[in-house]
Structure formats: C-alpha cells, structure tokens
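*Asks:* Sharing a structure below in structure tokens format, with a few things to ask.
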Amino acid sequence: MLILFGRMAYADFYIVVHGSNPQESMTKKEVVNLFMGRSRGFPNGDFALVFDLPRDDPNSADFYKALTGWSMSQVNSYWSRLMFSGQSMPPQPLPNEKAMIEILKRNPSGIGWLSKAPEDNSLRTILVLKD
Amino acid sequence: MNESKRRFGLFAGLQTRLQLIIILGAVIFSVTAGLFAYHLGELRGISTSQATLTDLAQAVEKTVAIGAFASDSVLLAEVVDGLARNSLVAMVQVEAVNGDILAQNPRAESSSLENLDVNPNTYVKQVLYSPFDETETVGVLHIYAHQDLIAKSAKQEALTMAWMMVGQTVLVAILIYAVVASLVSRPITRLAEQLRLMPAGSHERLDTPSLHRGDEIGILINSANELLDANAIALNRERELRHEIELMEAQYRQIFDSSSAGIFVLDQNGCLINSNPTVSKVVGMPLSMMQKLKHDNFIERVFGQPDKVRAMVQKSIQTGETVSGDLELVQEGDEHRWVHCLISVHTSPPETDSVIPITTEGVMYDITERKSLETAVRYEADHDALTGLNNRASSHTIIERFLDECRINTTEVSVLCIDLDGFKQINDQYGHEAGDKVLIECALRMKKAVRRSTDLVGRLGGDEFVVALRDIGPSDEALTVVADAIMASVCAPIVLKDGTKVQVGASIGIACAPIHSNDRVTILDMADTSMYKVKRTGKNTYAMAYPKKY
C-alpha cells in the first residue's frame with residue numbers, strides 16, 4: 001500500500017549498470033555529466049556507453065526533470081545547440097525499457113535508466129533518483 | 001536718428017550694452033553648459049558602451065555556459081566569433097575553471113591579454129555556471145572592448161550634446177535680443193527722438209502705440225506727456241510774469257529817468273555804474289562825459305570837496321544808514337553850485353573770498369538857488385549894510401572864535417578899538433551922505449591896512465570900528481605896523497562927491513589875549529578904555545591897555 005502510493009506519488013528512476021561494473025556508486029552530478037554529454041566515462045576512468053530511452057517515452061520527461069530539473073523542451077534545446085557543432089551527441093536512445101534491460105545485460109560498460117528496479121542480478125542499480 | 005545715436009557713444013546704448021551682456025552671458029553659459037554636457041555625454045557614452053557589453057554577455061551567457069559545460073569548443077568558437085563581430089568588441093575569451101582557454105577571438109595572440117585594459121568601462125567578465133547546478137562554475141567569459149572606440153563614441157556623443165547646448169543658448173540669446181530690441185530699445189529711441197524734435201512749449205503730445213498701452217513704455221510716454229503739459233503751463237506762467245516784470249521795469253526806468261532827483265550808483269572804487277539823466281543835468285556834464293566817469297573817480301571829478309563825500313561814505317558804511325549833507329560841486333567859473341546828497345552804502349554778500357563788493361547809491365538835488373539865497377541872507381545878517389564890514393554881532397562872534405583858537409593853540413590875538421575923531425563935525429557940516437562916504441572910505445582903508453583876509457575888520461556902530469589880528473601879540477612888530485598903517489590911512493584926506501576934501505583922525509586902543517584877558521567882553525572893554533584914554537589925552541595915536549596884573 002505504501003509502496004503503491006509511493007510509486008504513484010514519486011516517480012523513482014533507477015540508474016543501472018552491468019552487474020560486473022566495478023563502479024560502486026555514482027553521484028547525481030556524475031550521472032548528469034554522462035547523460036548530458038560532458039563526460040564519456042565513469043568516475044574511475046572506464047569508458048561508459050550511455051543509453052537513453054526515446055524522448056517521447058512516457059517516463060522520459062519525468063526522468064530528465066528528476067535528473068536535471070529541466071523540461072523536455074529545454075533538454076531538446078540543449079542538445080540541438082550541441083548537436084549543431086557536431087562534436088557532441090546525445091546518448092543513444094533505445095526503443096523501450098525492455099530493450100534497455102537487454103542491451104545493458106550484454107554491455108559491461110553500459111549505463112542507462114529504468115523506471116523500475118531491475119529484477120535479476122545481472123544488472124545493478126548505481127543511483128536512485130528520488131524526486 | 002543718426003545724430004542721437006552718435007550721442008550714445010559706441011558702448012553706451014542700452015541696446016548695445018544689452019547685446020553685449022547677452023552675448024557674454026550666452027558665451028559663459030554655453031561654455032559652461034557645453035563643458036557639462038560634454039562631460040555628461042562622455043559618461044553616457046561610456047555607460048552605453050558598457051551596457052552594450054553587458055547585454056552582449058548576458059545574451060550569450062546560456063549558450064556559452066552550455067558550451068563550457070560540454071567543453072564544446074566548436075559551439076564556443078561560434079558564439080565567440082558572433083560576439084567579436086560587434087564593432088565595440090576587441091576580444092572575447094572563454095576560460096575554463098582550470099585556466100584553459102576554451103575559445104578566443106581573435107585567435108592569434110592569446111598572450112595579448114596584458115595589453116587589454118580590465119577597467120570596468122571597457123571590460124565585462126561573466127562567470128559561467130553549470131546549467132544543471134548553479135553552484136558549479138564551469139568557466140568565465142571575458143569580453144574586452146575597443147577602448148579608443150568607446151572613448152571616440154563617447155566623445156562623439158558628448159560633442160553632439162555640447163553643440164546642441166551651445167546652439168540652444170545662442171538661439172535663446174538671439175530671441176531675447178530681438179524681443180528686447182523691438183519691445184524696449186526701439187520704442188525708447190523713437191520716444192527720445194520725438195521729444196528731441198519737439199519745440200519748447202509745443203502743444204504736440206506723444207502718442208502711445210497700442211502695443212505699449214499699459215506697459216512700462218506706455219507709462220513712460222504718459223509721464224513724458226504730463227511733464228510736457230506741466231512745462232507748457234510753467235512756460236506760460238513765466239511768460240506772463242516776464243511781461244509783468246518788463247512793464248514794471250519800464251515804469252521804474254521811467255521814474256528813474258524822469259526823476260527830478262539825480263540818482264547814481266558807484267562801485268567800491270568810486271567809479272560810476274549807473275546814473276540817470278538828471279545827474280548829468282545837475283552836475284552840468286554832458287552824457288558823453290558821464291560815460292567816461294565809468295572808468296574814472298566820480299567823487300573826485302564831480303564834488304568840490306571829495307574828502308567830505310568819502311567821509312559820508314565811510315559813515316554810511318559804519319552806521320549802515322543813509323547819510324545826507326549839502327555838498328558843493330566842482331566849481332566852473334564863478335558859479336558855486338550846491339547839491340543836497342543822500343548817500344547809502346550797500347555791502348552785498350561776498351562773491352569771492354577776498355573781494356566784498358560795495359555799491360554806493362546816491363541821490364542828489366540841485367540846491368544852488370537855495371544855497372545862494374541862504375548865503376545872501378547870512379551875509380546881510382552878518383555885515384553892515386553901509387560899509388560891508390562885519391557888524392557888531394558878527395564881530396563879537398568872530399572875536400570869540402579867535403579867542404577860542406588862541407586858547408586852544410596857545411597863540412596870541414590883538415584887538416584894536418578904533419574911533420574916528422572929527423567925524424561928527426563932518427556929519428553935521430556936510431550932511432549924512434558925506435558922513436556915510438567918510439565911513440565907507442575909512443572902512444576900505446582899514447581893510448587895506450590890515451591886508452590879511454583872515455583878520456577881522458568890523459564896525460561896532462556909529463564911527464566905532466574894531467580890528468582883530470590873529471597870531472599877533474603885544475610885542476610883535478606887526479602890531480605897531482598895522483596900527484601905524486591904520487592911523488596913517490584913516491588920517492589921509494577924503495574927497496567928497498562935490499570934490500571937497502575932508503579929514504578925520506583916529507584914536508586906537510589895543511588889548512591883547514592872553515596877556516590882558518581871554519574874555520571877549522573884558523578884552524573889548526580894556527581896548528575901549530585905552531582908546532578913550534587916547535581920545536582924552538590927545539587923539540590920533542594908539543595906546544596899549546595896561547595888563548591887569550600890573
């Protein structure tokens with residue numbers, strides 16, 4: 001009941017990596033740097049492959065709101081400015097959360113986000129975004 | 001117009017002075033205001049430039065922050081180039097937190113920073129924060145402006161403002177000048193010109209232009225008209241008064257000229273200032289001669305005894321009153337002419353410090369006739385009608401005068417009493433006419449014998465005569481000489497009308513003052529006594545009285 005209520009009231013998001021990833025945890029700032037194209041690797045220096053969900057995913061707006069405090073259109077504007085130069089590219093979008101789980105399971109250096117906690121041990125939650 | 005303008009002098013005209021003051025004021029004000037405006041303009045220009053720089057920085061802040069956040073040098077270069085396109089901007093630089101230069105335009109010299117001024121007017125520094133965390137600094141945006149360009153544009157603005165200020169001032173000055181000229185100075189000049197051309201006492205009046213009705217010029221014109229009215233009235237009154245004065249003057253002149261009294265005015269030197277025709281008639285001098293007296297001493301030329309006249313003048317000065325007296329004029333021929341003269345002296349207030357003008361006024365009447373009548377009467381009273389000698393009364397008076405003189409001057413006087421011997425017989429024998437002839441002849445001879453006119457020869461009555469000799473005493477030889485001469489001349493034969501020769505003798509008694517007496521009665525008595533003694537003793541001789549003290 002509490003959980004249900006909580007899920008309805010708070011859209012928690014889970015930053016998830018491969019189970020074998022040596023990175024124990026990440027701060028929200030480090031996650032922002034990865035997702036917003038500032039850094040290309042984990043804090044320990046390992047290369048990171050960042051995956052995103054489509055911008056029209058029902059949870060995308062809430063996720064970015066929780067992560068950056070920005071609306072979707074602001075995020076779009078941000079990326080359009082960076083993409084203009086051709087140097088930075090936004091994280092690669094995957095069709096849905098299921099595809100995300102599959103890809104992350106196969107990529108030890110991958111990182112992505114889910115709206116539910118992963119169910120098996122092959123994936124590990126590295127940060128929970130509570131709004 | 002020109003004439004009156006010339007009278008002002010170059011800088012004296014109200015209009016010109018006003019013009020100068022306005023020009024001076026305008027110059028001072030426009031210079032001050034221009035300088036102020038210039039300073040203000042410069043400040044404004046600088047602050048405008050600074051605002052432009054700040055605006056520029058703020059406009060690109062977000063994008064630059066994103067670029068700095070993502071370290072996207074291409075995006076940053078794009079923005080920096082865009083900023084550098086602004087003509088004000090000298091250099092733009094994006095600096096990362098660690099000091100790396102992320103982007104710069106112009107790219108060439110990154111070390112030229114030192115040449116750029118970081119004063120707040122020409123430099124803007126914008127700190128860049130992370131788009132996702134406002135507390136995290138991701139870099140700094142530096143924008144440097146072209147200092148000379150800012151200064152130039154500021155100066156441009158300042159100059160524009162200053163010139164506007166000056167232009168405005170000059171325009172206002174011209175306007176004020178024109179208004180004052182048409183409203184004040186031109187009407188005043190015209191008014192002055194009208195007044196100048198107006199003849200004194202004219203009935204013309206100035207008209208007030210409708211523009212100035214009720215303002216200060218109007219008041220001035222009204223006042224001028226009132227003054228003209230007042231002047232006209234005063235002028236008329238003065239004319240009437242002058243006419244009256246002229247009439248009065250003519251009357252006085254008439255009185256002065258036709259007066260039976262001679263009127264004359266002298267200055268302090270005794271020269272004639274003015275006189276009426278009567279003076280010349282009285283004095284017996286033609287008018288042309290009178291004119292000459294204006295440069296000569298009137299008193300000396302006209303009066304017989306100038307000293308007496310001067311004494312009268314002095315007396316009048318001392319007493320301040322009119323002094324009158326009978327004065328003899330200068331004698332012409334045998335005629336003695338007399339005037340009665342009133343003299344008064346007026347001291348007028350001093351014209352200068354030293355000279356006090358004194359005018360002497362005189363009025364003279366001809367009294368020659370009265371005077372000669374008086375003289376005749378007195379002569380008759382004093383003299384014996386038959387012999388012309390002093391009569392008894394006047395003889396007494398004269399002897400008394402001689403005795404007074406002798407007392408005062410301690411001189412001597414000799415008195416001789418003479419009685420004719422044998423006169424009675426001639427009178428009885430030949431008649432009174434013969435007697436009278438004898439008396440006349442004897443009187444004549446005695447007068448001759450005495451010789452001096454100052455001595456007295458008088459007839460006391462009948463055949464008694466008296467002779468008084470001044471300054472001659474008992475011991476003087478002159479006394480015996482005179483006594484002898486009288487004796488000899490009287491005793492000489494007298495020829496009567498019918499040719500008969502008769503002869504009388506004389507007895508003479510002498511008394512002298514002061515030896516015998518100083519008293520007239522006594523001295524005559526003593527002379528008489530010694531005369532009778534002679535008559536008793538022998539006649540035809542003379543004898544001295546005995547002095548009292550003997």
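Each chain of the structure tokens is named A, B, ... in the order shown, its residues numbered from 1; ligands are numbered from 1 in display order.
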Just need the residues of chain A within 12 Å of chain B, counting only C-alpha atoms, so spit them out as a PDB file with N, CA and C atoms, in the first residue's frame.

*Replies:*
```
ATOM      1  N   LYS A  28      24.732  12.087  -8.319  1.00  0.00           N
ATOM      2  CA  LYS A  28      23.776  12.578  -9.324  1.00  0.00           C
ATOM      3  C   LYS A  28      24.515  13.438 -10.351  1.00  0.00           C
ATOM      4  N   LYS A  29      25.500  14.198  -9.850  1.00  0.00           N
ATOM      5  CA  LYS A  29      26.254  15.093 -10.718  1.00  0.00           C
ATOM      6  C   LYS A  29      27.027  14.312 -11.773  1.00  0.00           C
ATOM      7  N   GLU A  30      27.591  13.201 -11.313  1.00  0.00           N
ATOM      8  CA  GLU A  30      28.361  12.362 -12.244  1.00  0.00           C
ATOM      9  C   GLU A  30      27.441  11.759 -13.305  1.00  0.00           C
ATOM     10  N   VAL A  31      26.261  11.439 -12.877  1.00  0.00           N
ATOM     11  CA  VAL A  31      25.288  10.883 -13.822  1.00  0.00           C
ATOM     12  C   VAL A  31      24.877  11.961 -14.838  1.00  0.00           C
ATOM     13  N   VAL A  32      24.664  13.188 -14.328  1.00  0.00           N
ATOM     14  CA  VAL A  32      24.293  14.295 -15.226  1.00  0.00           C
ATOM     15  C   VAL A  32      25.388  14.501 -16.256  1.00  0.00           C
ATOM     16  N   ASN A  33      26.662  14.487 -15.799  1.00  0.00           N
ATOM     17  CA  ASN A  33      27.783  14.692 -16.719  1.00  0.00           C
ATOM     18  C   ASN A  33      27.773  13.651 -17.842  1.00  0.00           C
ATOM     19  N   LEU A  34      27.428  12.415 -17.497  1.00  0.00           N
ATOM     20  CA  LEU A  34      27.400  11.364 -18.514  1.00  0.00           C
ATOM     21  C   LEU A  34      26.239  11.559 -19.490  1.00  0.00           C
ATOM     22  N   PHE A  35      25.042  11.769 -18.903  1.00  0.00           N
ATOM     23  CA  PHE A  35      23.851  11.847 -19.742  1.00  0.00           C
ATOM     24  C   PHE A  35      23.804  13.134 -20.566  1.00  0.00           C
ATOM     25  N   MET A  36      24.440  14.206 -20.074  1.00  0.00           N
ATOM     26  CA  MET A  36      24.356  15.471 -20.801  1.00  0.00           C
ATOM     27  C   MET A  36      25.611  15.720 -21.635  1.00  0.00           C
ATOM     28  N   GLY A  37      26.393  14.666 -21.799  1.00  0.00           N
ATOM     29  CA  GLY A  37      27.490  14.719 -22.758  1.00  0.00           C
ATOM     30  C   GLY A  37      28.733  15.413 -22.282  1.00  0.00           C
ATOM     31  N   ARG A  38      28.860  15.670 -20.976  1.00  0.00           N
ATOM     32  CA  ARG A  38      30.059  16.371 -20.523  1.00  0.00           C
ATOM     33  C   ARG A  38      31.224  15.389 -20.416  1.00  0.00           C
ATOM     34  N   SER A  39      30.918  14.205 -19.865  1.00  0.00           N
ATOM     35  CA  SER A  39      31.996  13.213 -19.741  1.00  0.00           C
ATOM     36  C   SER A  39      31.635  11.947 -20.510  1.00  0.00           C
ATOM     37  N   ARG A  40      32.685  11.201 -20.862  1.00  0.00           N
ATOM     38  CA  ARG A  40      32.467   9.978 -21.644  1.00  0.00           C
ATOM     39  C   ARG A  40      32.793   8.732 -20.843  1.00  0.00           C
ATOM     40  N   TYR A  64      14.118  13.249 -16.944  1.00  0.00           N
ATOM     41  CA  TYR A  64      15.015  14.406 -17.098  1.00  0.00           C
ATOM     42  C   TYR A  64      14.705  15.486 -16.083  1.00  0.00           C
ATOM     43  N   LYS A  65      13.390  15.573 -15.771  1.00  0.00           N
ATOM     44  CA  LYS A  65      13.011  16.551 -14.743  1.00  0.00           C
ATOM     45  C   LYS A  65      13.705  16.207 -13.445  1.00  0.00           C
ATOM     46  N   ALA A  66      13.696  14.854 -13.134  1.00  0.00           N
ATOM     47  CA  ALA A  66      14.312  14.412 -11.884  1.00  0.00           C
ATOM     48  C   ALA A  66      15.820  14.558 -11.933  1.00  0.00           C
ATOM     49  N   LEU A  67      16.405  14.332 -13.108  1.00  0.00           N
ATOM     50  CA  LEU A  67      17.859  14.359 -13.210  1.00  0.00           C
ATOM     51  C   LEU A  67      18.396  15.791 -13.279  1.00  0.00           C
ATOM     52  N   THR A  68      17.845  16.609 -14.182  1.00  0.00           N
ATOM     53  CA  THR A  68      18.428  17.950 -14.424  1.00  0.00           C
ATOM     54  C   THR A  68      17.538  19.081 -13.925  1.00  0.00           C
ATOM     55  N   GLY A  69      16.285  18.735 -13.666  1.00  0.00           N
ATOM     56  CA  GLY A  69      15.363  19.819 -13.287  1.00  0.00           C
ATOM     57  C   GLY A  69      14.831  20.542 -14.513  1.00  0.00           C
ATOM     58  N   TRP A  70      15.152  20.019 -15.725  1.00  0.00           N
ATOM     59  CA  TRP A  70      14.706  20.663 -16.954  1.00  0.00           C
ATOM     60  C   TRP A  70      13.499  19.992 -17.536  1.00  0.00           C
ATOM     61  N   SER A  71      12.749  20.777 -18.327  1.00  0.00           N
ATOM     62  CA  SER A  71      11.660  20.170 -19.085  1.00  0.00           C
ATOM     63  C   SER A  71      12.240  19.510 -20.322  1.00  0.00           C
ATOM     64  N   GLN A  74      13.453  21.948 -22.918  1.00  0.00           N
ATOM     65  CA  GLN A  74      14.749  22.527 -22.569  1.00  0.00           C
ATOM     66  C   GLN A  74      15.857  21.551 -22.913  1.00  0.00           C
ATOM     67  N   VAL A  75      15.628  20.309 -22.599  1.00  0.00           N
ATOM     68  CA  VAL A  75      16.638  19.285 -22.912  1.00  0.00           C
ATOM     69  C   VAL A  75      16.845  19.219 -24.417  1.00  0.00           C
ATOM     70  N   SER A  77      16.359  21.581 -26.588  1.00  0.00           N
ATOM     71  CA  SER A  77      17.073  22.797 -26.998  1.00  0.00           C
ATOM     72  C   SER A  77      18.547  22.645 -26.708  1.00  0.00           C
ATOM     73  N   TYR A  78      18.854  22.085 -25.517  1.00  0.00           N
ATOM     74  CA  TYR A  78      20.240  21.881 -25.121  1.00  0.00           C
ATOM     75  C   TYR A  78      20.965  21.052 -26.151  1.00  0.00           C
ATOM     76  N   TRP A  79      20.335  19.970 -26.491  1.00  0.00           N
ATOM     77  CA  TRP A  79      21.015  19.052 -27.418  1.00  0.00           C
ATOM     78  C   TRP A  79      21.109  19.624 -28.830  1.00  0.00           C
ATOM     79  N   SER A  80      20.082  20.349 -29.178  1.00  0.00           N
ATOM     80  CA  SER A  80      20.146  20.910 -30.536  1.00  0.00           C
ATOM     81  C   SER A  80      21.297  21.898 -30.656  1.00  0.00           C
ATOM     82  N   ARG A  81      21.609  22.657 -29.596  1.00  0.00           N
ATOM     83  CA  ARG A  81      22.739  23.584 -29.628  1.00  0.00           C
ATOM     84  C   ARG A  81      24.047  22.803 -29.780  1.00  0.00           C
ATOM     85  N   LEU A  82      24.154  21.669 -28.960  1.00  0.00           N
ATOM     86  CA  LEU A  82      25.427  20.933 -29.004  1.00  0.00           C
ATOM     87  C   LEU A  82      25.578  20.154 -30.300  1.00  0.00           C
ATOM     88  N   MET A  83      24.444  19.663 -30.771  1.00  0.00           N
ATOM     89  CA  MET A  83      24.499  18.874 -31.991  1.00  0.00           C
ATOM     90  C   MET A  83      24.866  19.741 -33.175  1.00  0.00           C
ATOM     91  N   PHE A  84      24.561  21.013 -33.056  1.00  0.00           N
ATOM     92  CA  PHE A  84      24.847  21.975 -34.141  1.00  0.00           C
ATOM     93  C   PHE A  84      26.344  21.980 -34.454  1.00  0.00           C
ATOM     94  N   SER A  85      27.140  21.881 -33.411  1.00  0.00           N
ATOM     95  CA  SER A  85      28.585  21.896 -33.634  1.00  0.00           C
ATOM     96  C   SER A  85      29.086  20.566 -34.185  1.00  0.00           C
ATOM     97  N   GLY A  86      28.301  19.487 -33.952  1.00  0.00           N
ATOM     98  CA  GLY A  86      28.706  18.191 -34.469  1.00  0.00           C
ATOM     99  C   GLY A  86      29.717  17.464 -33.604  1.00  0.00           C
ATOM    100  N   GLN A  87      30.105  18.113 -32.514  1.00  0.00           N
ATOM    101  CA  GLN A  87      31.116  17.492 -31.663  1.00  0.00           C
ATOM    102  C   GLN A  87      30.498  16.562 -30.635  1.00  0.00           C
ATOM    103  N   SER A  88      29.375  17.006 -30.063  1.00  0.00           N
ATOM    104  CA  SER A  88      28.759  16.203 -29.004  1.00  0.00           C
ATOM    105  C   SER A  88      27.482  15.585 -29.552  1.00  0.00           C
ATOM    106  N   MET A  89      27.222  14.380 -29.065  1.00  0.00           N
ATOM    107  CA  MET A  89      25.995  13.707 -29.484  1.00  0.00           C
ATOM    108  C   MET A  89      25.250  13.247 -28.245  1.00  0.00           C
ATOM    109  N   PRO A  90      23.913  13.308 -28.259  1.00  0.00           N
ATOM    110  CA  PRO A  90      23.157  12.806 -27.125  1.00  0.00           C
ATOM    111  C   PRO A  90      23.290  11.280 -26.998  1.00  0.00           C
TER     112      PRO A  90
END
```

*Asks:* Using only C-alpha atoms, which protein or nucleic acid residues come within 12 Å of B:Gln168? Drop anything in the same chain fewer than 4 positions from it, and give the result as a PyMOL selection string.

*Replies:* chain B and resi 26-27+29-31+33-34+161-164+172-175

*Asks:* Could you name the residues that touch B:Ala224 at 9 Å or less, counting only C-alpha atoms, but leaving out those on the same chain fewer than 3 positions away, as a PyMOL selection string?

*Replies:* chain B and resi 195+205-206+219-221+227-229

*Asks:* Could the residues in this selection be written to a file with C-alpha atoms, as a PDB file, in the first residue's frame?

*Replies:*
```
ATOM      1  CA  LEU B 195      10.962 114.524 -27.600  1.00  0.00           C
ATOM      2  CA  ARG B 205       1.887 115.309 -27.415  1.00  0.00           C
ATOM      3  CA  LEU B 206       3.395 111.864 -27.856  1.00  0.00           C
ATOM      4  CA  ILE B 219       3.780 104.689 -18.574  1.00  0.00           C
ATOM      5  CA  LEU B 220       6.968 106.420 -19.722  1.00  0.00           C
ATOM      6  CA  ILE B 221       5.140 108.091 -22.606  1.00  0.00           C
ATOM      7  CA  LEU B 227       5.824 116.634 -17.998  1.00  0.00           C
ATOM      8  CA  LEU B 228       5.237 118.403 -21.316  1.00  0.00           C
ATOM      9  CA  ASP B 229       1.878 119.696 -20.027  1.00  0.00           C
TER      10      ASP B 229
END
```

*Asks:* As JSON, numbers by chain, please: the residues near A:Met26 (cut-off 12 Å, only C-alpha atoms, same-chain neighbours under 4 positions excluded).

*Replies:* {"A": [14, 15, 16, 17, 21, 22, 30, 31, 32, 33, 34, 41, 42, 43, 44, 111, 124, 125, 126, 127, 128, 129]}

*Asks:* Compile the contact shell of B:Val265 as a JSON list (two decimals) with C-alpha atoms, in the first residue's frame: residues with an atom at most 10 Å away, counting only C-alpha atoms, same-chain residues fewer than 6 positions apart removed.

*Replies:*
```json
[["chain", "number", "residue", "atom", "x", "y", "z"],
["B", 271, "CYS", "CA", 33.53, 154.63, -10.47],
["B", 272, "LEU", "CA", 30.09, 155.29, -11.87],
["B", 273, "ILE", "CA", 27.99, 152.21, -12.53],
["B", 274, "ASN", "CA", 24.76, 153.89, -13.49],
["B", 275, "SER", "CA", 23.14, 157.30, -13.31],
["B", 276, "ASN", "CA", 20.00, 158.96, -14.60],
["B", 298, "PHE", "CA", 33.14, 160.06, -9.92],
["B", 343, "ILE", "CA", 24.34, 158.55, 0.34],
["B", 344, "SER", "CA", 23.77, 154.96, 1.36],
["B", 345, "VAL", "CA", 26.20, 152.10, 1.00],
["B", 359, "THR", "CA", 27.98, 149.78, -4.03],
["B", 360, "THR", "CA", 27.27, 153.35, -3.14],
["B", 361, "GLU", "CA", 23.87, 154.75, -4.02],
["B", 362, "GLY", "CA", 23.40, 158.47, -4.12],
["B", 363, "VAL", "CA", 20.50, 160.83, -4.66]]
```

*Asks:* Give the strand (DSSP E or B) residues of chain A, as assigned by DSSP on the backbone, as number ranges by chain.

*Replies:* A: 13-18, 41, 47, 49-52, 92-93, 110-114, 123-129

*Asks:* Hey, can you spit out that residue selection with N, CA and C atoms as a PDB file, in the first residue's frame?

*Replies:*
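Okay, this is what ended up in again_5.pdb:
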```pdb
ATOM      1  N   PHE A  13      13.491   6.846 -10.353  1.00  0.00           N
ATOM      2  CA  PHE A  13      14.178   6.320 -11.526  1.00  0.00           C
ATOM      3  C   PHE A  13      15.462   5.678 -11.081  1.00  0.00           C
ATOM      4  N   TYR A  14      15.851   4.635 -11.792  1.00  0.00           N
ATOM      5  CA  TYR A  14      16.994   3.836 -11.384  1.00  0.00           C
ATOM      6  C   TYR A  14      18.052   3.918 -12.455  1.00  0.00           C
ATOM      7  N   ILE A  15      19.274   4.387 -12.048  1.00  0.00           N
ATOM      8  CA  ILE A  15      20.401   4.398 -12.969  1.00  0.00           C
ATOM      9  C   ILE A  15      21.058   3.029 -12.824  1.00  0.00           C
ATOM     10  N   VAL A  16      21.145   2.350 -13.934  1.00  0.00           N
ATOM     11  CA  VAL A  16      21.511   0.925 -13.871  1.00  0.00           C
ATOM     12  C   VAL A  16      22.747   0.676 -14.717  1.00  0.00           C
ATOM     13  N   VAL A  17      23.663  -0.194 -14.185  1.00  0.00           N
ATOM     14  CA  VAL A  17      24.844  -0.615 -14.954  1.00  0.00           C
ATOM     15  C   VAL A  17      24.933  -2.142 -14.970  1.00  0.00           C
ATOM     16  N   HIS A  18      25.898  -2.648 -15.750  1.00  0.00           N
ATOM     17  CA  HIS A  18      26.112  -4.094 -15.790  1.00  0.00           C
ATOM     18  C   HIS A  18      26.572  -4.582 -14.438  1.00  0.00           C
ATOM     19  N   GLY A  41      33.091   8.913 -19.554  1.00  0.00           N
ATOM     20  CA  GLY A  41      33.482   7.737 -18.785  1.00  0.00           C
ATOM     21  C   GLY A  41      33.012   7.807 -17.360  1.00  0.00           C
ATOM     22  N   PHE A  47      35.550   3.695 -19.748  1.00  0.00           N
ATOM     23  CA  PHE A  47      34.658   4.259 -20.771  1.00  0.00           C
ATOM     24  C   PHE A  47      33.220   3.881 -20.482  1.00  0.00           C
ATOM     25  N   LEU A  49      29.257   3.670 -21.929  1.00  0.00           N
ATOM     26  CA  LEU A  49      28.351   3.721 -23.083  1.00  0.00           C
ATOM     27  C   LEU A  49      26.969   4.068 -22.534  1.00  0.00           C
ATOM     28  N   VAL A  50      26.479   5.282 -22.900  1.00  0.00           N
ATOM     29  CA  VAL A  50      25.250   5.773 -22.268  1.00  0.00           C
ATOM     30  C   VAL A  50      24.071   5.489 -23.182  1.00  0.00           C
ATOM     31  N   PHE A  51      23.038   4.916 -22.561  1.00  0.00           N
ATOM     32  CA  PHE A  51      21.813   4.631 -23.315  1.00  0.00           C
ATOM     33  C   PHE A  51      20.674   5.424 -22.733  1.00  0.00           C
ATOM     34  N   ASP A  52      19.831   5.783 -23.674  1.00  0.00           N
ATOM     35  CA  ASP A  52      18.678   6.601 -23.255  1.00  0.00           C
ATOM     36  C   ASP A  52      17.434   5.950 -23.791  1.00  0.00           C
ATOM     37  N   GLN A  92      22.569   7.391 -26.929  1.00  0.00           N
ATOM     38  CA  GLN A  92      21.801   6.662 -27.957  1.00  0.00           C
ATOM     39  C   GLN A  92      20.471   6.213 -27.372  1.00  0.00           C
ATOM     40  N   PRO A  93      19.315   6.502 -28.018  1.00  0.00           N
ATOM     41  CA  PRO A  93      18.024   6.068 -27.482  1.00  0.00           C
ATOM     42  C   PRO A  93      17.699   4.611 -27.890  1.00  0.00           C
ATOM     43  N   GLY A 110      28.022  -0.458 -20.231  1.00  0.00           N
ATOM     44  CA  GLY A 110      26.814   0.340 -20.480  1.00  0.00           C
ATOM     45  C   GLY A 110      26.232   0.957 -19.211  1.00  0.00           C
ATOM     46  N   ILE A 111      25.458   1.992 -19.465  1.00  0.00           N
ATOM     47  CA  ILE A 111      24.729   2.642 -18.354  1.00  0.00           C
ATOM     48  C   ILE A 111      23.436   3.222 -18.922  1.00  0.00           C
ATOM     49  N   GLY A 112      22.355   3.060 -18.190  1.00  0.00           N
ATOM     50  CA  GLY A 112      21.067   3.541 -18.687  1.00  0.00           C
ATOM     51  C   GLY A 112      20.135   3.790 -17.519  1.00  0.00           C
ATOM     52  N   TRP A 113      18.879   4.012 -17.853  1.00  0.00           N
ATOM     53  CA  TRP A 113      17.950   4.274 -16.754  1.00  0.00           C
ATOM     54  C   TRP A 113      16.661   3.502 -16.919  1.00  0.00           C
ATOM     55  N   LEU A 114      16.024   3.178 -15.780  1.00  0.00           N
ATOM     56  CA  LEU A 114      14.775   2.431 -15.791  1.00  0.00           C
ATOM     57  C   LEU A 114      13.808   3.087 -14.813  1.00  0.00           C
ATOM     58  N   LEU A 123      22.124  -6.999 -13.566  1.00  0.00           N
ATOM     59  CA  LEU A 123      22.153  -5.516 -13.606  1.00  0.00           C
ATOM     60  C   LEU A 123      22.211  -4.971 -12.181  1.00  0.00           C
ATOM     61  N   ARG A 124      22.849  -3.844 -12.107  1.00  0.00           N
ATOM     62  CA  ARG A 124      22.982  -3.291 -10.742  1.00  0.00           C
ATOM     63  C   ARG A 124      22.580  -1.799 -10.758  1.00  0.00           C
ATOM     64  N   THR A 125      21.797  -1.462  -9.761  1.00  0.00           N
ATOM     65  CA  THR A 125      21.398  -0.049  -9.646  1.00  0.00           C
ATOM     66  C   THR A 125      22.530   0.731  -8.983  1.00  0.00           C
ATOM     67  N   ILE A 126      22.940   1.758  -9.653  1.00  0.00           N
ATOM     68  CA  ILE A 126      24.089   2.507  -9.126  1.00  0.00           C
ATOM     69  C   ILE A 126      23.639   3.815  -8.458  1.00  0.00           C
ATOM     70  N   LEU A 127      22.411   4.295  -8.819  1.00  0.00           N
ATOM     71  CA  LEU A 127      21.854   5.516  -8.190  1.00  0.00           C
ATOM     72  C   LEU A 127      20.346   5.512  -8.370  1.00  0.00           C
ATOM     73  N   VAL A 128      19.636   5.880  -7.336  1.00  0.00           N
ATOM     74  CA  VAL A 128      18.181   6.004  -7.439  1.00  0.00           C
ATOM     75  C   VAL A 128      17.836   7.499  -7.371  1.00  0.00           C
ATOM     76  N   LEU A 129      17.122   7.890  -8.375  1.00  0.00           N
ATOM     77  CA  LEU A 129      16.705   9.314  -8.390  1.00  0.00           C
ATOM     78  C   LEU A 129      15.348   9.422  -7.735  1.00  0.00           C
TER      79      LEU A 129
END
```

*Asks:* Tell me, as a list in words, which residues lie within 8 Å of B:Met531, counting only C-alpha atoms; anything in the same chain fewer than 4 positions away does not count.

*Replies:* Cys417, Ile418, Asp419, Ser507, Ile508, Gly509, Ile510, Ala527, Lys535, Tyr542 and Ala543 of chain B

*Asks:* What is the distance between atom CA of B:Tyr144 and atom CA of B:Leu35, in Å to one decimal?

*Replies:*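 So the answer is 29.0 Å.
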
*Asks:* Distance atom CA of B:Arg392-atom CA of B:Val495, one decimal place?

*Replies:*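 Going from atom CA of B:Arg392 over to atom CA of B:Val495 covers 27.2 Å.
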
*Asks:* When you draw a straight line from atom CA of B:Leu373 to atom CA of B:Gly388, how long is it in Å?

*Replies:*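 Atom CA of B:Gly388 lies at a distance of 17.6 Å from atom CA of B:Leu373.
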
*Asks:* Would you please give, as an MDAnalysis selection string, all residues of stretch 297-507 of chain B that DSSP assigns to alpha helix (DSSP H) based on the backbone?

*Replies:* chainID B and resid 298:302 306:319 368:382 392:409 423:430 432:450 477:491

*Asks:* Set the distance at 10 Å and use only C-alpha atoms: which residues neighbour B:Asn231 once local chain neighbours fewer than 5 positions away are removed? I'd like the list as a list of chain:residue names.

*Replies:* B:Ala200, B:Gly201, B:Ser202, B:Asn225, B:Glu226, B:Asn236, B:Arg237
